[in-house]
$ cat run.txt   # compact mmCIF, C-alpha atoms and all ligand atoms
# COMPACT_ATOMS: atom_id res chain seq x y z
CA MET A 1 0.00 0.00 0.00
CA LYS A 2 1.29 3.45 -0.91
CA LYS A 3 1.95 5.92 1.87
CA ILE A 4 1.50 9.68 1.84
CA LEU A 5 2.76 11.96 4.60
CA ALA A 6 0.69 15.11 5.10
CA VAL A 7 2.36 18.06 6.85
CA ILE A 8 -0.06 20.45 8.52
CA GLY A 9 0.37 22.96 11.30
CA ALA A 10 -1.79 26.06 11.00
CA ARG A 11 -5.54 26.48 11.30
CA PRO A 12 -6.44 26.68 7.59
CA GLN A 13 -4.50 23.48 6.92
CA PHE A 14 -6.60 21.46 9.32
CA ILE A 15 -9.68 22.52 7.35
CA LYS A 16 -8.08 21.65 3.99
CA HIS A 17 -6.76 18.32 5.21
CA ALA A 18 -10.11 17.12 6.62
CA PRO A 19 -11.76 16.24 3.25
CA MET A 20 -8.42 15.13 1.77
CA GLU A 21 -7.69 12.70 4.58
CA LEU A 22 -11.10 11.14 4.13
CA GLU A 23 -10.71 10.67 0.37
CA LEU A 24 -7.03 9.69 0.27
CA SER A 25 -7.55 7.05 2.96
CA LYS A 26 -9.67 5.10 0.46
CA TYR A 27 -6.56 4.46 -1.64
CA MET A 28 -3.48 4.72 0.57
CA GLU A 29 -2.07 5.05 4.05
CA VAL A 30 -2.24 8.67 5.20
CA VAL A 31 0.23 9.65 7.93
CA THR A 32 -0.25 13.12 9.38
CA VAL A 33 2.39 15.30 11.00
CA HIS A 34 1.23 18.37 12.93
CA THR A 35 4.15 20.78 13.26
CA GLY A 36 2.66 22.53 16.29
CA GLN A 37 2.74 25.95 14.59
CA HIS A 38 -0.75 26.54 15.97
CA TYR A 39 -1.13 25.03 19.42
CA ASP A 40 -3.95 26.76 21.36
CA THR A 41 -6.96 24.46 21.72
CA ASN A 42 -9.20 26.79 19.74
CA MET A 43 -6.57 27.16 17.00
CA SER A 44 -5.90 23.44 16.65
CA ALA A 45 -7.53 20.63 18.70
CA VAL A 46 -11.05 21.95 18.17
CA PHE A 47 -10.74 21.37 14.40
CA PHE A 48 -9.60 17.76 14.79
CA GLU A 49 -12.60 17.05 17.02
CA GLU A 50 -15.20 18.93 15.02
CA LEU A 51 -14.04 17.69 11.61
CA LYS A 52 -13.60 14.16 12.96
CA MET A 53 -10.01 13.92 11.82
CA LYS A 54 -7.56 11.24 12.92
CA GLU A 55 -5.07 12.27 15.59
CA PRO A 56 -1.77 13.13 13.89
CA ARG A 57 0.80 10.35 14.22
CA TYR A 58 3.41 13.01 14.98
CA LEU A 59 2.83 16.18 16.97
CA LEU A 60 5.92 18.36 16.81
CA GLN A 61 5.90 21.10 19.37
CA VAL A 62 7.50 23.84 17.38
CA GLY A 63 5.19 26.63 18.54
CA SER A 64 5.65 30.35 17.90
CA ALA A 65 9.04 31.84 17.07
CA ARG A 66 10.67 34.11 14.52
CA HIS A 67 10.43 32.79 10.98
CA GLY A 68 13.93 31.38 10.66
CA LYS A 69 13.78 29.60 13.98
CA GLN A 70 10.23 28.33 13.51
CA THR A 71 10.80 27.04 9.98
CA GLY A 72 14.24 25.67 10.82
CA GLN A 73 13.01 23.80 13.88
CA MET A 74 10.22 22.27 11.81
CA MET A 75 12.72 21.15 9.18
CA ILE A 76 15.01 19.50 11.73
CA GLU A 77 12.14 17.48 13.17
CA LEU A 78 10.37 16.78 9.87
CA GLU A 79 13.54 15.35 8.35
CA GLN A 80 13.59 12.68 11.06
CA VAL A 81 9.93 11.87 10.53
CA VAL A 82 10.29 11.62 6.75
CA GLU A 83 13.36 9.40 7.08
CA ALA A 84 11.55 7.12 9.54
CA GLU A 85 8.29 6.90 7.56
CA LYS A 86 9.76 6.74 4.05
CA PRO A 87 6.56 7.98 2.39
CA ASP A 88 5.93 7.79 -1.36
CA ALA A 89 5.08 11.49 -1.36
CA VAL A 90 4.73 14.44 1.01
CA LEU A 91 1.53 16.48 0.85
CA VAL A 92 1.51 20.16 1.81
CA TYR A 93 -1.24 22.79 1.74
CA GLY A 94 -1.27 26.52 1.15
CA ASP A 95 1.42 28.95 2.16
CA THR A 96 2.43 28.78 5.79
CA ASN A 97 5.82 28.15 7.32
CA SER A 98 4.70 24.55 7.87
CA THR A 99 4.09 24.24 4.11
CA LEU A 100 7.56 25.48 3.25
CA ALA A 101 9.28 23.33 5.88
CA GLY A 102 7.53 20.19 4.57
CA ALA A 103 8.30 21.02 0.95
CA LEU A 104 12.00 21.72 1.54
CA VAL A 105 12.61 18.65 3.65
CA ALA A 106 10.87 16.31 1.21
CA SER A 107 12.46 17.72 -1.92
CA LYS A 108 15.96 17.50 -0.42
CA LEU A 109 15.29 13.85 0.44
CA HIS A 110 14.11 13.30 -3.19
CA ILE A 111 10.57 12.55 -2.17
CA PRO A 112 7.91 14.04 -4.47
CA VAL A 113 6.13 17.07 -3.02
CA ILE A 114 2.42 17.47 -3.72
CA HIS A 115 1.10 21.00 -3.26
CA ILE A 116 -2.59 21.73 -2.80
CA GLU A 117 -3.48 25.38 -3.39
CA ALA A 118 -0.61 25.91 -5.82
CA GLY A 119 -0.14 28.97 -8.02
CA LEU A 120 -1.62 31.61 -5.75
CA ARG A 121 0.24 34.92 -5.92
CA SER A 122 -0.25 38.23 -4.13
CA PHE A 123 2.89 39.63 -5.85
CA ASN A 124 3.83 41.12 -2.48
CA ARG A 125 7.10 39.55 -1.37
CA ASP A 126 6.94 41.36 1.96
CA MET A 127 4.40 38.72 2.96
CA PRO A 128 6.05 35.58 4.33
CA GLU A 129 3.24 33.60 2.70
CA GLU A 130 4.27 34.78 -0.77
CA ILE A 131 7.81 33.48 -0.29
CA ASN A 132 6.40 30.22 1.04
CA ARG A 133 4.08 29.83 -1.98
CA VAL A 134 6.68 30.56 -4.62
CA LEU A 135 9.32 28.27 -3.13
CA THR A 136 6.89 25.44 -2.50
CA ASP A 137 5.52 25.54 -6.05
CA HIS A 138 9.03 25.44 -7.51
CA VAL A 139 10.00 22.24 -5.66
CA SER A 140 6.66 20.46 -6.16
CA ALA A 141 6.27 17.42 -8.40
CA LEU A 142 2.47 17.57 -8.54
CA LEU A 143 0.55 20.82 -8.25
CA PHE A 144 -3.17 21.40 -7.68
CA ALA A 145 -4.20 24.91 -8.64
CA PRO A 146 -7.63 26.02 -7.42
CA THR A 147 -8.32 28.58 -10.16
CA VAL A 148 -7.51 29.34 -13.81
CA ARG A 149 -5.56 32.38 -12.61
CA ALA A 150 -3.40 30.15 -10.42
CA VAL A 151 -2.61 27.91 -13.41
CA GLU A 152 -1.63 31.03 -15.38
CA ASN A 153 0.59 32.28 -12.56
CA LEU A 154 2.46 28.97 -12.54
CA SER A 155 2.84 29.00 -16.30
CA LYS A 156 4.39 32.50 -16.19
CA GLU A 157 7.03 31.08 -13.82
CA GLY A 158 7.68 28.19 -16.20
CA ILE A 159 5.75 25.59 -14.21
CA THR A 160 3.49 23.77 -16.65
CA HIS A 161 4.27 20.14 -15.96
CA SER A 162 2.01 18.14 -13.59
CA VAL A 163 -0.27 21.13 -12.92
CA HIS A 164 -3.96 20.33 -12.45
CA LEU A 165 -6.83 22.79 -12.30
CA SER A 166 -8.63 21.17 -9.41
CA GLY A 167 -10.98 23.63 -7.75
CA ASP A 168 -10.59 24.33 -4.08
CA VAL A 169 -10.91 21.84 -1.23
CA MET A 170 -12.26 24.64 0.98
CA ALA A 171 -15.30 24.73 -1.31
CA ASP A 172 -15.87 21.04 -0.50
CA MET A 173 -15.89 21.91 3.20
CA VAL A 174 -18.23 24.89 2.82
CA GLN A 175 -20.76 22.64 1.06
CA ILE A 176 -20.63 20.23 3.99
CA ALA A 177 -20.84 23.04 6.55
CA ARG A 178 -23.87 24.67 4.91
CA LYS A 179 -25.89 21.51 5.55
CA ILE A 180 -24.90 21.48 9.21
CA ILE A 181 -25.41 25.12 10.21
CA GLN A 182 -29.09 25.85 10.62
CA ASN A 183 -29.58 28.84 12.89
CA PRO A 184 -28.08 32.32 13.11
CA PRO A 185 -25.53 32.41 15.93
CA ILE A 186 -26.48 36.04 16.67
CA VAL A 187 -29.98 37.43 16.22
CA HIS A 188 -29.24 41.12 15.47
CA PRO A 189 -27.45 42.41 12.33
CA TYR A 190 -23.67 42.40 12.73
CA TYR A 191 -20.40 42.46 10.84
CA LEU A 192 -17.95 39.60 11.40
CA VAL A 193 -14.28 40.57 11.65
CA THR A 194 -11.05 38.52 11.70
CA LEU A 195 -7.56 40.08 11.47
CA HIS A 196 -4.12 38.59 12.02
CA ARG A 197 -1.70 39.83 9.32
CA PRO A 198 1.39 41.33 10.96
CA TYR A 199 1.01 44.60 9.01
CA ASN A 200 -2.43 45.11 10.59
CA THR A 201 -1.73 43.80 14.07
CA ASP A 202 1.92 44.37 14.94
CA ASP A 203 1.87 48.18 14.84
CA PRO A 204 -0.29 49.35 17.76
CA VAL A 205 -1.17 52.62 16.00
CA ARG A 206 -2.43 50.76 12.94
CA LEU A 207 -4.40 48.26 15.06
CA SER A 208 -6.06 51.10 17.01
CA GLN A 209 -6.94 52.90 13.78
CA ILE A 210 -8.63 49.77 12.47
CA LEU A 211 -10.53 49.27 15.74
CA ASP A 212 -11.60 52.95 15.67
CA ALA A 213 -12.90 52.49 12.13
CA LEU A 214 -14.81 49.33 13.15
CA ASN A 215 -16.22 51.20 16.12
CA GLY A 216 -17.79 53.74 13.75
CA LEU A 217 -19.68 51.23 11.59
CA ASP A 218 -23.49 51.20 11.33
CA HIS A 219 -23.89 47.69 12.83
CA PRO A 220 -22.24 46.05 15.84
CA VAL A 221 -18.99 44.29 15.08
CA VAL A 222 -18.18 40.76 16.25
CA PHE A 223 -14.41 40.36 16.18
CA ALA A 224 -13.24 36.73 16.46
CA MET A 225 -9.76 37.55 17.60
CA HIS A 226 -6.70 35.53 16.55
CA PRO A 227 -4.25 35.04 19.45
CA ARG A 228 -1.64 37.05 17.52
CA THR A 229 -3.95 40.08 17.57
CA ARG A 230 -4.96 39.59 21.20
CA HIS A 231 -1.32 39.33 22.30
CA LYS A 232 -0.51 42.58 20.55
CA LEU A 233 -3.36 44.43 22.26
CA LEU A 234 -2.46 43.06 25.67
CA ALA A 235 1.24 43.85 25.15
CA GLU A 236 0.26 47.48 24.61
CA GLY A 237 -1.84 47.44 27.78
CA VAL A 238 -4.97 48.19 25.73
CA ASP A 239 -8.34 47.17 27.17
CA PRO A 240 -10.04 45.07 24.46
CA GLY A 241 -13.39 46.40 25.79
CA HIS A 242 -12.44 49.98 24.88
CA TRP A 243 -14.40 49.98 21.56
CA GLU A 244 -18.07 49.81 22.53
CA ASN A 245 -19.34 48.81 19.06
CA VAL A 246 -16.84 45.94 18.90
CA SER A 247 -17.40 42.67 20.79
CA ILE A 248 -14.21 40.67 20.97
CA ILE A 249 -14.69 36.91 21.09
CA GLU A 250 -12.36 33.90 21.00
CA PRO A 251 -11.32 32.37 17.66
CA LEU A 252 -14.22 30.34 16.28
CA SER A 253 -14.35 26.66 15.49
CA TYR A 254 -14.86 25.80 11.81
CA PHE A 255 -18.64 25.36 11.80
CA ASP A 256 -19.07 28.38 14.07
CA SER A 257 -16.92 30.44 11.74
CA ILE A 258 -19.00 29.44 8.72
CA ALA A 259 -22.23 30.14 10.65
CA HIS A 260 -21.00 33.57 11.78
CA GLN A 261 -20.04 34.43 8.20
CA ALA A 262 -23.23 33.06 6.67
CA TYR A 263 -25.49 35.22 8.81
CA ALA A 264 -23.35 38.38 8.95
CA GLU A 265 -24.29 41.56 7.05
CA ALA A 266 -20.75 41.43 5.66
CA VAL A 267 -17.36 40.00 6.55
CA ILE A 268 -14.26 42.12 7.21
CA THR A 269 -10.95 40.25 7.21
CA ASP A 270 -7.32 40.04 6.21
CA SER A 271 -7.34 36.22 6.01
CA GLY A 272 -7.02 34.46 2.67
CA GLY A 273 -9.37 31.60 3.52
CA VAL A 274 -12.10 33.83 4.94
CA GLN A 275 -12.24 35.90 1.72
CA LYS A 276 -12.91 32.71 -0.17
CA GLU A 277 -15.43 31.37 2.35
CA ALA A 278 -17.34 34.67 2.29
CA TYR A 279 -17.58 34.38 -1.49
CA LEU A 280 -18.72 30.77 -1.32
CA LEU A 281 -21.40 31.82 1.17
CA GLY A 282 -22.51 34.72 -1.04
CA LYS A 283 -21.41 37.36 1.46
CA LYS A 284 -19.90 40.74 0.76
CA CYS A 285 -16.32 40.85 2.04
CA ILE A 286 -14.01 43.78 2.79
CA THR A 287 -10.36 42.79 2.85
CA ILE A 288 -8.05 44.98 4.92
CA ARG A 289 -5.05 44.45 2.67
CA PRO A 290 -3.35 46.30 -0.18
CA GLU A 291 -3.72 43.29 -2.48
CA THR A 292 -5.11 39.78 -2.53
CA GLU A 293 -4.15 36.49 -4.11
CA TRP A 294 -7.88 35.66 -4.47
CA VAL A 295 -8.33 38.22 -7.25
CA GLU A 296 -11.43 36.57 -8.76
CA THR A 297 -13.46 37.65 -5.71
CA LEU A 298 -12.80 41.31 -6.54
CA GLU A 299 -14.21 41.19 -10.05
CA HIS A 300 -17.90 41.80 -9.41
CA GLY A 301 -17.57 43.62 -6.12
CA TRP A 302 -18.01 40.63 -3.81
CA ASN A 303 -14.70 41.55 -2.23
CA THR A 304 -13.26 45.07 -1.88
CA LEU A 305 -9.75 45.97 -0.79
CA VAL A 306 -9.45 48.71 1.82
CA PHE A 307 -6.05 49.47 3.25
CA GLU A 308 -4.59 52.98 3.66
CA ASP A 309 -7.88 54.88 3.79
CA LEU A 310 -9.94 53.18 6.47
CA ASP A 311 -12.74 55.74 5.97
CA ALA A 312 -13.44 53.86 2.72
CA LEU A 313 -14.76 50.98 4.84
CA ASN A 314 -18.22 52.53 5.23
CA GLN A 315 -18.56 53.26 1.53
CA ALA A 316 -17.31 49.79 0.55
CA LEU A 317 -19.87 48.13 2.82
CA LYS A 318 -22.70 49.97 1.04
CA GLN A 319 -21.73 48.77 -2.45
CA HIS A 320 -23.84 45.88 -3.69
CA PRO A 321 -22.02 43.06 -5.45
CA GLY A 322 -23.00 41.98 -8.97
CA TYR A 323 -22.69 38.73 -10.94
CA TYR A 324 -22.05 35.63 -8.84
CA GLN A 325 -20.36 32.50 -10.16
CA ALA A 326 -21.32 29.56 -7.97
CA ASP A 327 -18.54 27.29 -9.24
CA LEU A 328 -15.74 29.87 -9.11
CA TYR A 329 -13.82 27.55 -6.76
CA GLY A 330 -15.02 24.29 -8.26
CA SER A 331 -17.99 22.03 -7.81
CA GLY A 332 -17.31 20.96 -4.22
CA GLN A 333 -15.68 17.72 -5.39
CA ALA A 334 -12.06 18.91 -5.44
CA SER A 335 -10.92 16.47 -2.77
CA VAL A 336 -12.40 13.53 -4.71
CA GLU A 337 -10.74 14.55 -7.97
CA ILE A 338 -7.39 15.42 -6.39
CA SER A 339 -7.25 12.11 -4.53
CA ALA A 340 -7.84 10.13 -7.73
CA ILE A 341 -5.00 11.99 -9.45
CA ILE A 342 -2.67 11.45 -6.47
CA LYS A 343 -3.50 7.73 -6.53
CA ASP A 344 -2.48 7.50 -10.19
CA PHE A 345 0.61 9.63 -9.58
CA LEU A 346 1.85 7.36 -6.78
CA ASN A 347 1.42 4.31 -8.96
CA PHE A 348 3.32 5.91 -11.86
CA PRO A 349 5.36 8.75 -10.33
CA ILE A 350 7.04 11.26 -12.64
CA LYS A 351 9.77 13.07 -10.75
C1 LIG B 401 -0.22 31.71 10.15
C2 LIG B 401 0.28 31.74 8.71
C3 LIG B 401 -0.76 32.48 7.87
C4 LIG B 401 -2.16 31.92 8.08
C5 LIG B 401 -2.49 31.92 9.57
C6 LIG B 401 -3.87 31.35 9.86
C7 LIG B 401 2.72 31.78 8.38
C8 LIG B 401 3.87 32.63 8.03
N1 LIG B 401 1.55 32.42 8.59
O1 LIG B 401 -0.21 33.05 10.65
O2 LIG B 401 -0.40 32.35 6.51
O3 LIG B 401 -3.09 32.73 7.37
O4 LIG B 401 -1.50 31.15 10.26
O5 LIG B 401 -4.21 31.53 11.21
O6 LIG B 401 2.86 30.59 8.46
N2 LIG B 401 -0.38 32.17 18.45
C9 LIG B 401 -0.90 31.73 19.64
N3 LIG B 401 -1.49 30.50 19.68
C10 LIG B 401 -1.55 29.69 18.60
C11 LIG B 401 -0.98 30.15 17.39
C12 LIG B 401 -0.42 31.38 17.32
O7 LIG B 401 -0.87 32.41 20.65
O8 LIG B 401 -2.11 28.60 18.70
C13 LIG B 401 0.20 33.51 18.36
C14 LIG B 401 1.65 33.57 18.75
O9 LIG B 401 1.77 34.60 19.68
C15 LIG B 401 2.38 33.96 17.49
C16 LIG B 401 1.32 34.51 16.60
O10 LIG B 401 0.07 33.98 17.04
O11 LIG B 401 3.36 34.91 17.73
C17 LIG B 401 1.57 34.17 15.19
O12 LIG B 401 1.54 32.80 14.91
P1 LIG B 401 2.22 32.23 13.57
O13 LIG B 401 2.16 30.77 13.57
O14 LIG B 401 3.52 32.88 13.34
O15 LIG B 401 1.39 32.76 12.39
P2 LIG B 401 -0.07 33.31 12.20
O16 LIG B 401 -0.10 34.77 12.42
O17 LIG B 401 -1.07 32.47 12.93
$ encode --input "run.txt" --output "structure tokens" --more "lines below"
Ligand code: UD1
Amino acid sequence: MKKILAVIGARPQFIKHAPMELELSKYMEVVTVHTGQHYDTNMSAVFFEELKMKEPRYLLQVGSARHGKQTGQMMIELEQVVEAEKPDAVLVYGDTNSTLAGALVASKLHIPVIHIEAGLRSFNRDMPEEINRVLTDHVSALLFAPTVRAVENLSKEGITHSVHLSGDVMADMVQIARKIIQNPPIVHPYYLVTLHRPYNTDDPVRLSQILDALNGLDHPVVFAMHPRTRHKLLAEGVDPGHWENVSIIEPLSYFDSIAHQAYAEAVITDSGGVQKEAYLLGKKCITIRPETEWVETLEHGWNTLVFEDLDALNQALKQHPGYYQADLYGSGQASVEISAIIKDFLNFPIK
């Protein structure tokens, strides 16, 4: 039986791995390594329970650190795991430091790297995620691009071999979640907010400006706060209750997150995955970033970028989106199709 080793470590990867683990297990042994990049219960364990995922065989306790140390520590430990397990391929998702660590270790040990969510580009190399994406794509043997644009991005970098336009596994999960969530989690109109990008959270002046802008919105704001953001507020001695229009809550579990988005007036975020989920749920999204890798969401006004001028937030929230393409991120069967291709690839690998 073929063996695939999946490297996951940050919240969005647990969500992407859930449908993949289920499908891949029909054909091969799936061994999971959790790097420990996200470690708080509500950033990690809650997803394994809720999404009924197998416990990872390996739980590395890398935790938070500067990028070099965090990625390096992961590589040291992953190398031992890969050498012990001798998998036929290593599977990585998205663009986090865990993705890069898995991709580098496997490629240096001459084990094929399979990248799900390949070809995304923000064209902003100040983002660690952009470096992680580019490097991972260039060492991958099999690449699954969620959108036509992602395939084009890869082609412009000379990557045309073993690229599959697969749709997005997060769309598979949203379809499942929609059947499970029945009732609004909050009865009054509200905006849902999530923010964790260093350029929004690490400068206390910037973070306060964003919170001031949220405080001035026409509906109450529910801010599901990432630990990174909470730590920054606490480090500055700021009382999170200072903004009366903003209720700060703990990070949400997956189904709670989808429910909070589905019933919100609009979603305000700097997360990549949330922009996509908002689109899949037919919700207007405002992205507090200068650019996005999910450019398709911008085209008919479903997503609007607001960055320097936070006063534009109000105006952006009032704009109604236009044409909606239900299958923009695939039919909800991406995990099924990707798994079948991986099965064939492992039987006849092309390095
Ligand atoms: C990471 C990914 C980002 C992804 C995000 C999803 C990288 C470079 N970034 O960002 O692409 O969108 O995950 O959430 O890989 N922390 C805790 N508890 C936890 C996890 C984190 O307190 O369980 C705090 C730590 O103080 C840490 C900070 O969050 O300093 C940042 O964590 P880190 O893993 O560096 O990246 P994220 O900001 O979560």
$ residues_near_ligand --input "run.txt" --ligand "ligand LIG 401 (chain B)" --cutoff "7 Å" --atoms "all atoms listed in the file" --output "mmCIF file with C-alpha atoms, keeping the file's coordinate frame"
data_model
loop_
_atom_site.group_PDB
_atom_site.id
_atom_site.type_symbol
_atom_site.label_atom_id
_atom_site.label_comp_id
_atom_site.auth_asym_id
_atom_site.auth_seq_id
_atom_site.Cartn_x
_atom_site.Cartn_y
_atom_site.Cartn_z
ATOM 1 C CA ALA A 10 -1.790 26.060 11.000
ATOM 2 C CA ARG A 11 -5.540 26.480 11.300
ATOM 3 C CA PRO A 12 -6.440 26.680 7.590
ATOM 4 C CA GLN A 37 2.740 25.950 14.590
ATOM 5 C CA HIS A 38 -0.750 26.540 15.970
ATOM 6 C CA TYR A 39 -1.130 25.030 19.420
ATOM 7 C CA ASP A 40 -3.950 26.760 21.360
ATOM 8 C CA MET A 43 -6.570 27.160 17.000
ATOM 9 C CA SER A 44 -5.900 23.440 16.650
ATOM 10 C CA SER A 64 5.650 30.350 17.900
ATOM 11 C CA ALA A 65 9.040 31.840 17.070
ATOM 12 C CA ASP A 95 1.420 28.950 2.160
ATOM 13 C CA THR A 96 2.430 28.780 5.790
ATOM 14 C CA ASN A 97 5.820 28.150 7.320
ATOM 15 C CA SER A 98 4.700 24.550 7.870
ATOM 16 C CA PRO A 128 6.050 35.580 4.330
ATOM 17 C CA GLU A 129 3.240 33.600 2.700
ATOM 18 C CA HIS A 196 -4.120 38.590 12.020
ATOM 19 C CA ARG A 197 -1.700 39.830 9.320
ATOM 20 C CA PRO A 198 1.390 41.330 10.960
ATOM 21 C CA HIS A 226 -6.700 35.530 16.550
ATOM 22 C CA PRO A 227 -4.250 35.040 19.450
ATOM 23 C CA ARG A 228 -1.640 37.050 17.520
ATOM 24 C CA HIS A 231 -1.320 39.330 22.300
ATOM 25 C CA SER A 271 -7.340 36.220 6.010
ATOM 26 C CA GLY A 272 -7.020 34.460 2.670
#
$ residues_around --input "run.txt" --residues "Ile341 (chain A)" --least-positions-apart "3" --cutoff "12 Å" --atoms "all atoms listed in the file" --output "ChimeraX atom specification"
/A:23-24,27,114,142-144,162-166,334-338,344-349
$ residues_around --input "run.txt" --residues "region 284-286 of chain A" --least-positions-apart "5" --cutoff "6 Å" --atoms "only C-alpha atoms" --output "list in words"
Ala266, Val267, Ile268, Trp302, Asn303, Thr304 and Leu305 of chain A
$ write_last_selection --input "run.txt" --atoms "C-alpha atoms" --output "short mmCIF file (atom, residue, chain, number, x, y, z; two decimals), in the coordinates of the input"
data_model
loop_
_atom_site.label_atom_id
_atom_site.label_comp_id
_atom_site.auth_asym_id
_atom_site.auth_seq_id
_atom_site.Cartn_x
_atom_site.Cartn_y
_atom_site.Cartn_z
CA ALA A 266 -20.75 41.43 5.66
CA VAL A 267 -17.36 40.00 6.55
CA ILE A 268 -14.26 42.12 7.21
CA TRP A 302 -18.01 40.63 -3.81
CA ASN A 303 -14.70 41.55 -2.23
CA THR A 304 -13.26 45.07 -1.88
CA LEU A 305 -9.75 45.97 -0.79
#
$ residues_around --input "run.txt" --residues "Gln182 (chain A)" --least-positions-apart "3" --cutoff "9 Å" --atoms "only C-alpha atoms" --output "number ranges by chain"
A: 178-179, 259
$ write_last_selection --input "run.txt" --atoms "C-alpha atoms" --output "compact mmCIF listing (two decimals), keeping the file's coordinate frame"
# COMPACT_ATOMS: atom_id res chain seq x y z
CA ARG A 178 -23.87 24.67 4.91
CA LYS A 179 -25.89 21.51 5.55
CA ALA A 259 -22.23 30.14 10.65
$ closest_residue --input "run.txt" --among "A:His219, A:His67, A:His260, A:Lys2" --to "Val246 (chain A)" --atoms "all atoms listed in the file"
A:His219
$ closest_residue --input "run.txt" --among "A:Asp88, A:Glu21, A:Glu77, A:Asp256" --to "Met1 (chain A)" --atoms "only C-alpha atoms"
A:Asp88
$ atom_distance --input "run.txt" --atom1 "CA of Asp202 (chain A)" --atom2 "CA of Lys276 (chain A)"
24.2 Å
$ closest_residue --input "run.txt" --among "A:Met28, A:Ala235, A:Leu328, A:Ala89" --to "Pro146 (chain A)" --atoms "only C-alpha atoms"
A:Leu328
$ atom_distance --input "run.txt" --atom1 "CA of Tyr329 (chain A)" --atom2 "CA of Ala171 (chain A)"
6.3 Å
$ atom_distance --input "run.txt" --atom1 "CA of Val306 (chain A)" --atom2 "CA of Tyr323 (chain A)"
20.9 Å
$ closest_residue --input "run.txt" --among "A:Val7, A:Met74, A:Val187, A:Ala106" --to "Val92 (chain A)" --atoms "all atoms listed in the file"
A:Val7
$ closest_residue --input "run.txt" --among "A:Lys86, A:Lys3, A:His115, A:His320" --to "Leu135 (chain A)" --atoms "all atoms listed in the file"
A:His115
$ residues_near_point --input "run.txt" --point "(-21.6, 48.4, 18.1)" --cutoff "8 Å" --atoms "all atoms listed in the file" --output "PyMOL selection string"
chain A and resi 215-221+244-247
$ closest_residue --input "run.txt" --among "A:Gln325, A:Ser331, A:Thr32, A:Ser253" --to "Glu50 (chain A)" --atoms "all atoms listed in the file"
A:Ser253
$ residues_near_point --input "run.txt" --point "(-15.7, 16.3, 11.6)" --cutoff "10 Å" --atoms "all atoms listed in the file" --output "ChimeraX atom specification"
/A:15,18-19,46-54,176-177,254-255
$ residues_around --input "run.txt" --residues "Ile111 (chain A)" --least-positions-apart "2" --cutoff "12 Å" --atoms "all atoms listed in the file" --output "PyMOL selection string"
chain A and resi 3-5+79+82-83+85-91+102-109+113-114+139-142+346+349-351
$ build_atoms --input "run.txt" --residues "region 333-344 of chain A" --atoms "N, CA and C atoms" --output "compact mmCIF listing (two decimals), in the frame of the given file"
# COMPACT_ATOMS: atom_id res chain seq x y z
N GLN A 333 -16.19 19.11 -5.30
CA GLN A 333 -15.68 17.72 -5.39
C GLN A 333 -14.16 17.71 -5.55
N ALA A 334 -13.51 18.81 -5.20
CA ALA A 334 -12.06 18.91 -5.44
C ALA A 334 -11.30 17.78 -4.74
N SER A 335 -11.68 17.47 -3.51
CA SER A 335 -10.92 16.47 -2.77
C SER A 335 -11.03 15.09 -3.43
N VAL A 336 -12.19 14.81 -4.02
CA VAL A 336 -12.40 13.53 -4.71
C VAL A 336 -11.50 13.46 -5.94
N GLU A 337 -11.52 14.54 -6.72
CA GLU A 337 -10.74 14.55 -7.97
C GLU A 337 -9.24 14.56 -7.69
N ILE A 338 -8.82 15.35 -6.71
CA ILE A 338 -7.39 15.42 -6.39
C ILE A 338 -6.89 14.06 -5.92
N SER A 339 -7.69 13.40 -5.07
CA SER A 339 -7.25 12.11 -4.53
C SER A 339 -7.07 11.07 -5.62
N ALA A 340 -7.96 11.09 -6.62
CA ALA A 340 -7.84 10.13 -7.73
C ALA A 340 -6.56 10.39 -8.51
N ILE A 341 -6.23 11.66 -8.70
CA ILE A 341 -5.00 11.99 -9.45
C ILE A 341 -3.76 11.59 -8.62
N ILE A 342 -3.81 11.83 -7.33
CA ILE A 342 -2.67 11.45 -6.47
C ILE A 342 -2.49 9.93 -6.51
N LYS A 343 -3.58 9.21 -6.47
CA LYS A 343 -3.50 7.73 -6.53
C LYS A 343 -2.75 7.30 -7.79
N ASP A 344 -3.14 7.86 -8.93
CA ASP A 344 -2.48 7.50 -10.19
C ASP A 344 -1.01 7.92 -10.17
